[in-house]
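Dumped entry.txt below, it's compact mmCIF, C-alpha atoms:
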```
# COMPACT_ATOMS: atom_id res chain seq x y z
CA VAL A 15 -31.59 -8.85 136.79
CA THR A 16 -33.48 -12.05 137.27
CA ARG A 17 -31.61 -14.79 139.02
CA ASP A 18 -33.89 -17.80 138.75
CA GLY A 19 -34.59 -19.75 135.62
CA ALA A 20 -31.84 -22.34 135.67
CA ALA A 21 -32.44 -23.42 132.10
CA SER A 22 -32.80 -19.99 130.55
CA THR A 23 -29.97 -18.85 128.36
CA PRO A 24 -29.16 -15.20 128.62
CA GLY A 25 -29.44 -13.19 125.46
CA GLU A 26 -28.58 -9.61 126.19
CA LEU A 27 -28.30 -7.42 129.23
CA THR A 28 -27.38 -3.77 129.70
CA VAL A 29 -26.05 -2.49 133.00
CA PRO A 30 -25.99 1.29 133.31
CA VAL A 31 -22.75 2.47 134.91
CA ARG A 32 -22.49 5.74 136.80
CA THR A 33 -21.24 5.13 140.32
CA GLU A 34 -18.82 2.72 141.90
CA ARG A 35 -21.75 0.63 143.13
CA ASP A 36 -22.53 -0.01 139.48
CA ILE A 37 -19.09 -1.57 139.05
CA VAL A 38 -20.10 -4.23 141.57
CA ARG A 39 -23.50 -4.57 139.85
CA ALA A 40 -21.86 -5.09 136.47
CA ARG A 41 -19.58 -7.73 137.97
CA THR A 42 -22.48 -9.57 139.62
CA ALA A 43 -24.53 -9.51 136.42
CA GLY A 44 -21.49 -10.61 134.42
CA LYS A 45 -20.80 -13.52 136.70
CA ASP A 46 -24.36 -14.75 136.44
CA PHE A 47 -24.29 -14.32 132.67
CA CYS A 48 -21.05 -16.28 132.28
CA ARG A 49 -22.21 -19.07 134.52
CA ARG A 50 -25.39 -19.50 132.53
CA LEU A 51 -23.45 -19.52 129.28
CA GLY A 52 -21.43 -22.41 130.64
CA PHE A 53 -18.00 -20.84 131.09
CA ARG A 54 -15.52 -22.66 133.30
CA PRO A 55 -14.91 -21.02 136.69
CA THR A 56 -11.45 -19.83 135.65
CA ASP A 57 -12.82 -18.11 132.57
CA GLN A 58 -15.68 -16.68 134.64
CA VAL A 59 -13.14 -14.97 136.89
CA LYS A 60 -11.23 -13.62 133.89
CA ILE A 61 -14.34 -12.26 132.19
CA VAL A 62 -15.71 -10.71 135.38
CA THR A 63 -12.32 -9.12 136.04
CA ALA A 64 -12.38 -7.61 132.54
CA ILE A 65 -15.93 -6.32 133.12
CA SER A 66 -14.76 -4.74 136.37
CA GLU A 67 -11.88 -2.96 134.62
CA LEU A 68 -14.11 -1.64 131.84
CA ALA A 69 -16.85 -0.50 134.22
CA ARG A 70 -14.34 1.25 136.45
CA ASN A 71 -12.84 3.11 133.50
CA ILE A 72 -16.33 4.43 132.70
CA VAL A 73 -16.83 5.67 136.27
CA LEU A 74 -13.35 7.19 136.54
CA TYR A 75 -12.90 8.72 133.13
CA ALA A 76 -16.30 9.23 131.55
CA GLY A 77 -18.68 9.66 134.47
CA SER A 78 -21.41 7.56 132.97
CA GLY A 79 -22.03 4.90 130.37
CA ALA A 80 -23.11 1.31 130.17
CA VAL A 81 -21.80 -2.21 130.03
CA GLU A 82 -23.66 -4.48 127.62
CA LEU A 83 -23.45 -8.22 127.91
CA ARG A 84 -24.35 -10.32 124.91
CA ALA A 85 -24.37 -14.05 124.24
CA LEU A 86 -22.51 -14.99 121.06
CA ALA A 87 -24.01 -17.89 119.20
CA ALA A 88 -23.24 -17.48 115.52
CA GLU A 89 -19.77 -18.65 114.51
CA ARG A 90 -18.35 -19.30 117.93
CA ARG A 91 -20.24 -19.44 121.18
CA GLY A 92 -19.15 -17.08 123.86
CA ILE A 93 -19.75 -13.71 125.42
CA GLU A 94 -19.36 -10.19 124.10
CA VAL A 95 -18.95 -7.32 126.50
CA VAL A 96 -19.35 -3.77 125.21
CA ALA A 97 -18.39 -0.86 127.44
CA ARG A 98 -19.76 2.34 126.00
CA ASP A 99 -19.49 5.92 127.21
CA GLN A 100 -19.81 9.46 125.88
CA GLY A 101 -16.84 10.69 127.83
CA PRO A 102 -13.89 12.78 126.65
CA GLY A 103 -12.16 9.86 124.96
CA ILE A 104 -8.63 8.59 125.45
CA THR A 105 -6.02 10.88 123.96
CA ASP A 106 -3.17 8.45 123.40
CA VAL A 107 -4.65 4.98 123.07
CA ASP A 108 -1.46 3.47 121.67
CA GLY A 109 0.55 4.92 124.52
CA VAL A 110 -1.89 3.53 127.05
CA LEU A 111 -1.99 0.09 125.47
CA ALA A 112 1.78 -0.03 125.09
CA ARG A 113 2.03 0.81 128.78
CA ARG A 114 4.10 3.90 127.95
CA ILE A 115 1.52 5.96 129.74
CA ARG A 116 0.46 4.91 133.18
CA SER A 117 -2.22 6.84 134.90
CA ARG A 118 -2.19 7.30 138.62
CA THR A 119 -5.29 5.16 138.90
CA GLY A 120 -4.07 2.51 136.52
CA LEU A 121 -6.00 3.02 133.28
CA GLY A 122 -3.18 1.37 131.33
CA LEU A 123 -2.96 -1.61 133.61
CA GLY A 124 -6.71 -2.16 133.47
CA LEU A 125 -7.00 -1.91 129.69
CA VAL A 126 -3.90 -3.95 128.96
CA GLY A 127 -5.00 -6.53 131.51
CA THR A 128 -8.43 -6.70 129.89
CA GLN A 129 -6.85 -7.18 126.49
CA ARG A 130 -4.73 -10.04 127.82
CA LEU A 131 -7.63 -11.77 129.54
CA MET A 132 -9.96 -11.80 126.56
CA ASP A 133 -9.87 -13.43 123.12
CA TYR A 134 -10.90 -10.32 121.20
CA PHE A 135 -10.34 -6.66 122.04
CA ASP A 136 -11.35 -3.57 120.10
CA LEU A 137 -11.21 0.03 121.28
CA GLN A 138 -12.73 2.99 119.48
CA THR A 139 -12.32 6.40 121.01
CA SER A 140 -12.70 10.03 120.08
CA SER A 141 -13.24 13.26 121.92
CA ASP A 142 -16.67 13.88 120.40
CA ILE A 143 -18.30 10.47 120.57
CA GLY A 144 -16.61 8.94 123.57
CA THR A 145 -15.14 5.50 124.00
CA THR A 146 -16.41 2.06 123.10
CA VAL A 147 -14.52 -1.07 124.07
CA VAL A 148 -15.65 -4.42 122.68
CA VAL A 149 -14.22 -7.60 124.14
CA ARG A 150 -15.11 -11.23 123.58
CA LYS A 151 -14.34 -14.52 125.19
CA TYR A 152 -15.17 -17.76 123.46
CA LEU A 153 -16.29 -20.98 125.06
CA SER A 154 -13.52 -23.49 124.65
CA MET B 18 -26.21 4.55 153.60
CA ASP B 19 -26.12 1.80 151.05
CA GLY B 20 -25.40 -0.90 153.57
CA THR B 21 -21.67 -0.90 152.89
CA PRO B 22 -20.20 -3.59 155.10
CA THR B 23 -17.28 -2.88 157.36
CA ILE B 24 -14.58 -5.50 157.27
CA PRO B 25 -13.52 -6.55 160.78
CA ILE B 26 -9.87 -6.32 161.77
CA ILE B 27 -8.97 -8.89 164.42
CA LYS B 28 -5.87 -8.79 166.59
CA LEU B 29 -4.26 -12.12 167.45
CA HIS B 30 -1.06 -11.88 169.50
CA ASP B 31 1.27 -9.78 167.34
CA ASP B 32 -0.77 -9.96 164.18
CA LEU B 33 -3.78 -8.31 162.68
CA ILE B 34 -6.06 -10.58 160.71
CA VAL B 35 -8.36 -9.23 158.06
CA SER B 36 -10.60 -11.74 156.34
CA ILE B 37 -12.22 -10.36 153.23
CA GLN B 38 -15.42 -12.24 152.48
CA VAL B 39 -17.37 -9.74 150.41
CA ASP B 40 -17.26 -8.45 146.88
CA LEU B 41 -15.16 -5.35 147.45
CA SER B 42 -16.53 -2.09 146.20
CA ASP B 43 -13.96 0.63 145.63
CA ARG B 44 -15.17 2.54 148.64
CA VAL B 45 -14.82 -0.47 150.93
CA VAL B 46 -11.27 -0.95 149.63
CA LEU B 47 -10.35 2.65 150.42
CA GLU B 48 -11.93 2.45 153.86
CA LEU B 49 -10.09 -0.75 154.58
CA LYS B 50 -6.75 0.90 153.75
CA GLU B 51 -7.49 3.60 156.28
CA HIS B 52 -8.82 1.26 158.98
CA ILE B 53 -5.82 -1.05 158.76
CA ALA B 54 -3.36 1.84 159.17
CA GLN B 55 -5.28 3.04 162.21
CA ALA B 56 -5.42 -0.47 163.67
CA ILE B 57 -1.66 -0.85 163.29
CA ILE B 58 -1.07 2.29 165.33
CA ARG B 59 -3.69 1.38 167.92
CA THR B 60 -2.53 -2.19 168.50
CA GLY B 61 1.19 -2.07 167.85
CA ALA B 62 0.90 -5.21 165.74
CA THR B 63 3.96 -6.25 163.74
CA GLY B 64 2.24 -8.54 161.26
CA LEU B 65 -0.79 -8.29 159.01
CA VAL B 66 -2.67 -11.13 157.36
CA LEU B 67 -5.02 -10.41 154.51
CA GLU B 68 -7.12 -13.55 154.23
CA VAL B 69 -8.62 -13.49 150.77
CA SER B 70 -9.96 -17.01 150.25
CA GLY B 71 -13.50 -15.63 150.12
CA MET B 72 -12.73 -13.21 147.32
CA GLU B 73 -14.05 -13.89 143.87
CA LEU B 74 -11.93 -11.49 141.90
CA MET B 75 -9.06 -9.04 142.07
CA ASP B 76 -8.93 -6.43 139.38
CA SER B 77 -6.18 -3.85 138.91
CA PHE B 78 -7.73 -1.45 141.42
CA ILE B 79 -8.04 -4.03 144.19
CA THR B 80 -4.59 -5.42 143.43
CA LYS B 81 -3.08 -1.95 143.62
CA ALA B 82 -4.92 -1.24 146.86
CA ILE B 83 -3.61 -4.43 148.45
CA GLY B 84 -0.10 -3.51 147.32
CA ASP B 85 -0.56 -0.06 148.83
CA ILE B 86 -1.77 -1.55 152.12
CA ALA B 87 1.35 -3.75 152.25
CA LYS B 88 3.65 -0.83 151.45
CA THR B 89 2.05 1.40 154.05
CA ALA B 90 2.25 -1.41 156.62
CA LYS B 91 5.91 -1.96 155.81
CA LEU B 92 6.68 1.70 156.39
CA MET B 93 5.10 1.24 159.80
CA GLY B 94 7.24 -1.81 160.54
CA VAL B 95 4.58 -4.36 159.71
CA GLU B 96 4.99 -7.34 157.39
CA THR B 97 2.00 -8.38 155.30
CA ALA B 98 0.98 -11.89 154.30
CA LEU B 99 -1.66 -12.63 151.70
CA ALA B 100 -3.43 -15.86 152.58
CA GLY B 101 -5.65 -18.13 150.56
CA LEU B 102 -5.60 -16.51 147.15
CA SER B 103 -7.75 -18.70 144.92
CA PRO B 104 -5.97 -20.42 142.04
CA MET B 105 -8.42 -18.80 139.64
CA ILE B 106 -7.56 -15.32 140.82
CA ALA B 107 -3.87 -16.18 140.83
CA MET B 108 -4.07 -17.32 137.21
CA THR B 109 -5.99 -14.20 136.25
CA LEU B 110 -3.41 -11.93 137.89
CA VAL B 111 -0.55 -13.71 136.14
CA GLU B 112 -2.28 -13.39 132.81
CA MET B 113 -2.91 -9.69 133.36
CA GLY B 114 0.73 -9.19 134.23
CA MET B 115 0.04 -8.03 137.76
CA GLU B 116 1.86 -9.12 140.87
CA PHE B 117 2.26 -8.35 144.51
CA SER B 118 5.67 -7.30 145.67
CA GLY B 119 6.74 -7.09 149.27
CA VAL B 120 4.00 -9.48 150.36
CA HIS B 121 4.40 -12.94 151.86
CA ASN B 122 2.24 -15.31 149.87
CA ALA B 123 0.66 -17.96 152.05
CA LEU B 124 -1.51 -20.95 151.31
CA ASN B 125 -3.85 -20.33 154.22
CA LEU B 126 -4.20 -18.46 157.50
CA GLU B 127 -1.99 -20.84 159.47
CA ASP B 128 0.75 -20.67 156.89
CA ALA B 129 0.49 -16.88 156.92
CA LEU B 130 0.82 -16.65 160.71
CA GLU B 131 3.78 -19.00 160.56
CA GLN B 132 5.52 -16.93 157.90
CA LEU B 133 4.93 -13.73 159.85
CA ALA B 134 6.27 -15.33 163.04
CA GLU B 135 9.35 -16.42 161.14
CA ALA B 136 9.85 -13.00 159.66
CA ARG B 137 9.51 -11.54 163.14
CA GLN B 138 12.16 -13.87 164.50
CA GLN B 139 14.49 -12.98 161.67
CA ARG B 140 13.99 -9.33 162.40
CA GLY B 141 14.63 -9.99 166.06
CA LEU B 142 11.33 -8.48 166.97
CA ALA B 143 9.68 -11.47 168.62
CA TRP B 144 8.05 -10.46 171.83
CA ASP B 145 8.99 -12.08 175.11
CA GLU B 146 5.55 -13.60 175.60
CA GLY B 147 6.57 -16.47 173.38
CA ALA B 148 4.16 -15.73 170.61
CA PRO B 149 5.16 -18.68 168.38
CA GLU B 150 4.06 -21.35 170.89
CA GLU B 151 0.73 -19.70 171.36
CA LEU B 152 -0.06 -19.78 167.71
CA ALA B 153 -2.28 -22.56 166.51
CA GLU B 154 -0.21 -25.55 165.49
CA PRO B 155 -0.36 -25.83 161.73
CA VAL B 156 -2.03 -29.04 160.68
CA HIS B 157 -2.41 -27.90 157.18
CA GLN B 158 -3.96 -30.09 154.66
CA PRO B 159 -4.29 -27.52 151.91
CA LEU B 160 -7.52 -27.74 150.00
CA THR B 161 -6.02 -25.98 147.06
CA PRO B 162 -2.82 -27.68 146.03
CA GLN B 163 -0.22 -25.84 144.06
CA THR B 164 -1.54 -22.34 144.44
CA PRO B 165 0.81 -20.34 142.25
CA ARG B 166 2.89 -18.08 144.40
CA MET B 167 3.71 -14.65 143.21
CA GLY B 168 5.97 -11.94 144.38
CA ASP B 169 8.99 -12.45 146.52
CA ARG B 170 9.05 -14.17 149.83
CA ALA B 171 11.29 -12.31 152.14
CA SER B 172 11.09 -15.00 154.79
CA GLY B 173 12.78 -17.72 152.78
CA PRO B 174 11.41 -20.95 151.46
CA GLU B 175 11.51 -23.28 154.45
CA ARG B 176 8.08 -23.86 155.88
CA THR B 177 8.37 -27.04 157.89
CA ARG B 178 10.98 -25.91 160.37
CA SER B 179 10.69 -27.35 163.81
CA ARG B 180 10.66 -24.81 166.52
```
Output the structure of this file as structure tokens.
Amino acid sequence: VTRDGAASTPGELTVPVRTERDIVRARTAGKDFCRRLGFRPTDQVKIVTAISELARNIVLYAGSGAVELRALAAERRGIEVVARDQGPGITDVDGVLARRIRSRTGLGLGLVGTQRLMDYFDLQTSSDIGTTVVVRKYLS
Amino acid sequence: MDGTPTIPIIKLHDDLIVSIQVDLSDRVVLELKEHIAQAIIRTGATGLVLEVSGMELMDSFITKAIGDIAKTAKLMGVETALAGLSPMIAMTLVEMGMEFSGVHNALNLEDALEQLAEARQQRGLAWDEGAPEELAEPVHQPLTPQTPRMGDRASGPERTRSR
């Protein structure tokens, strides 16, 4: 991750996620990305918190995966965060998102929190291909 | 091994003060839980301040860990105050639907020490050494006005009591 280049606009960045150190790395990269895209500090905190939740879910439940950060420029400017893993999938997504199921480590809280913090939330999961969560936050 | 920092735990009179200035990795959070419990036993402190003004984010894991620290402390007879939560983190927590229960929410370190001293008096646990007078006199000019306060405040709302 390059940190200089004040004027450069980030395009795309993939952070591999395997260990808990990678959660911190994803957060740091996310913060830098958001700042360069011009998000307000409050939104930066929200987005980085969401990235942290998604990265942690990968470490806890899938073992390994990646967090992709992407600048959105087409219809609305903003950021897209994709958390992708080839883990075992989430068995009862609706239960988790409705907070009927609460894991000991807080999977429900993290996913529901992420959903609330972001403008767009999509979760695809299955036992054979793993889980992909796509979230977006638009620049206001 | 990977240069994981250890967060210092400082004893001041009856309180332990923990100022978190780093981006917390999960391992550091878990270590901190353990270290605080040990420090409570070792020092016999009756108050704990978690000074978090240097923190940039609190996700569900960190929030849960802080709640766990406060619960553990309470079981050991120690009240916990959370000091200096940034407005941005506070807003994020509210939006996520997370809150701290059983924690005194304080604007800054001085406010936190004051609240803990008050709670101690109410519990009749104040030591004979006259701890309140020794505490730094609060001259607080909060830099962050209107920090949203979450959770309940067991010590009551009055903060400008004369002693």
How many Å lie between CA of Val62 in chain A and CA of Asp128 in chain B, rounded to one decimal?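 So the answer is 28.9 Å.
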Per residue of chain B within 10 Å of chain A, which atom pair is closest and at what distance in Å (one decimal), using only C-alpha atoms, listed by chain and increasing number, as JSON lines?
```
{"residue": "B:Asp19", "atom": "CA", "partner": "A:Arg35", "partner_atom": "CA", "distance": 9.1}
{"residue": "B:Thr21", "atom": "CA", "partner": "A:Arg35", "partner_atom": "CA", "distance": 9.9}
{"residue": "B:Asp40", "atom": "CA", "partner": "A:Val38", "partner_atom": "CA", "distance": 7.4}
{"residue": "B:Leu41", "atom": "CA", "partner": "A:Val38", "partner_atom": "CA", "distance": 7.8}
{"residue": "B:Ser42", "atom": "CA", "partner": "A:Val38", "partner_atom": "CA", "distance": 6.2}
{"residue": "B:Asp43", "atom": "CA", "partner": "A:Glu34", "partner_atom": "CA", "distance": 6.5}
{"residue": "B:Arg44", "atom": "CA", "partner": "A:Glu34", "partner_atom": "CA", "distance": 7.7}
{"residue": "B:Glu73", "atom": "CA", "partner": "A:Val59", "partner_atom": "CA", "distance": 7.1}
{"residue": "B:Leu74", "atom": "CA", "partner": "A:Val59", "partner_atom": "CA", "distance": 6.2}
{"residue": "B:Met75", "atom": "CA", "partner": "A:Thr63", "partner_atom": "CA", "distance": 6.9}
{"residue": "B:Asp76", "atom": "CA", "partner": "A:Thr63", "partner_atom": "CA", "distance": 5.5}
{"residue": "B:Ser77", "atom": "CA", "partner": "A:Gly124", "partner_atom": "CA", "distance": 5.7}
{"residue": "B:Phe78", "atom": "CA", "partner": "A:Gly120", "partner_atom": "CA", "distance": 7.3}
{"residue": "B:Lys81", "atom": "CA", "partner": "A:Gly120", "partner_atom": "CA", "distance": 8.4}
{"residue": "B:Pro104", "atom": "CA", "partner": "A:Thr56", "partner_atom": "CA", "distance": 8.4}
{"residue": "B:Met105", "atom": "CA", "partner": "A:Thr56", "partner_atom": "CA", "distance": 5.1}
{"residue": "B:Ile106", "atom": "CA", "partner": "A:Val59", "partner_atom": "CA", "distance": 6.8}
{"residue": "B:Ala107", "atom": "CA", "partner": "A:Thr56", "partner_atom": "CA", "distance": 9.9}
{"residue": "B:Met108", "atom": "CA", "partner": "A:Thr56", "partner_atom": "CA", "distance": 7.9}
{"residue": "B:Thr109", "atom": "CA", "partner": "A:Lys60", "partner_atom": "CA", "distance": 5.8}
{"residue": "B:Leu110", "atom": "CA", "partner": "A:Gly127", "partner_atom": "CA", "distance": 8.5}
{"residue": "B:Val111", "atom": "CA", "partner": "A:Gly127", "partner_atom": "CA", "distance": 9.6}
{"residue": "B:Glu112", "atom": "CA", "partner": "A:Leu131", "partner_atom": "CA", "distance": 6.5}
{"residue": "B:Met113", "atom": "CA", "partner": "A:Gly127", "partner_atom": "CA", "distance": 4.2}
{"residue": "B:Gly114", "atom": "CA", "partner": "A:Gly127", "partner_atom": "CA", "distance": 6.9}
{"residue": "B:Met115", "atom": "CA", "partner": "A:Gly127", "partner_atom": "CA", "distance": 8.2}
```
Taking 5 positions as the minimum chain separation for residues in the same chain, which residues sit within 9 Å of Ile26 in chain B when counting all atoms listed in the file? Answer as JSON, numbers by chain. {"B": [33, 34, 35, 36, 52, 53, 56]}
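Closest approach to Leu49 in chain B among B:Pro25, B:Gly101, B:Gly141, B:Gly84: B:Pro25, based on only C-alpha atoms.
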Quick check, in Å to one decimal: how far apart do CA of Leu83 in chain A and CA of Gln38 in chain B lie?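 Here the two named atoms are 26.2 Å from each other.
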Kindly give the distance, in Å, that separates CA of Asp133 in chain A and CA of Tyr152 in chain A, rounded to a single decimal.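 CA of Tyr152 in chain A lies 6.9 Å from CA of Asp133 in chain A.
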Pick out the closest residue to Leu124 in chain B from this set: B:Thr89, B:Gln55, B:Ser103, B:Thr23. Count all atoms listed in the file.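 With all atoms listed in the file as the atom set, the closest residue is B:Ser103.
Shortest atom-to-atom contact with Gln132 in chain B among B:Glu51, B:Glu96, B:Glu116, B:Glu68: B:Glu96, counting all atoms listed in the file.
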Within 12 Å of (4.0, 0.4, 156.5), only C-alpha atoms: residues as a PyMOL selection string? chain B and resi 50-51+53-58+61-65+84-97+119-120
If we count only C-alpha atoms, what is near Val81 in chain A at a cut-off of 10 Å, once residues fewer than 2 positions away on the same chain are taken out, given as a list in words?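 Close residues of Val81 in chain A: Leu27, Thr28, Val29, Pro30, Val31, Asp36, Ile37, Ala40, Arg41, Gly44, Ile65, Ser66, Leu68, Ala69, Ile72, Gly79, Leu83, Arg84, Val95, Val96, Ala97, Arg98, Asp99, Thr146, Val147 and Val148 of chain A.
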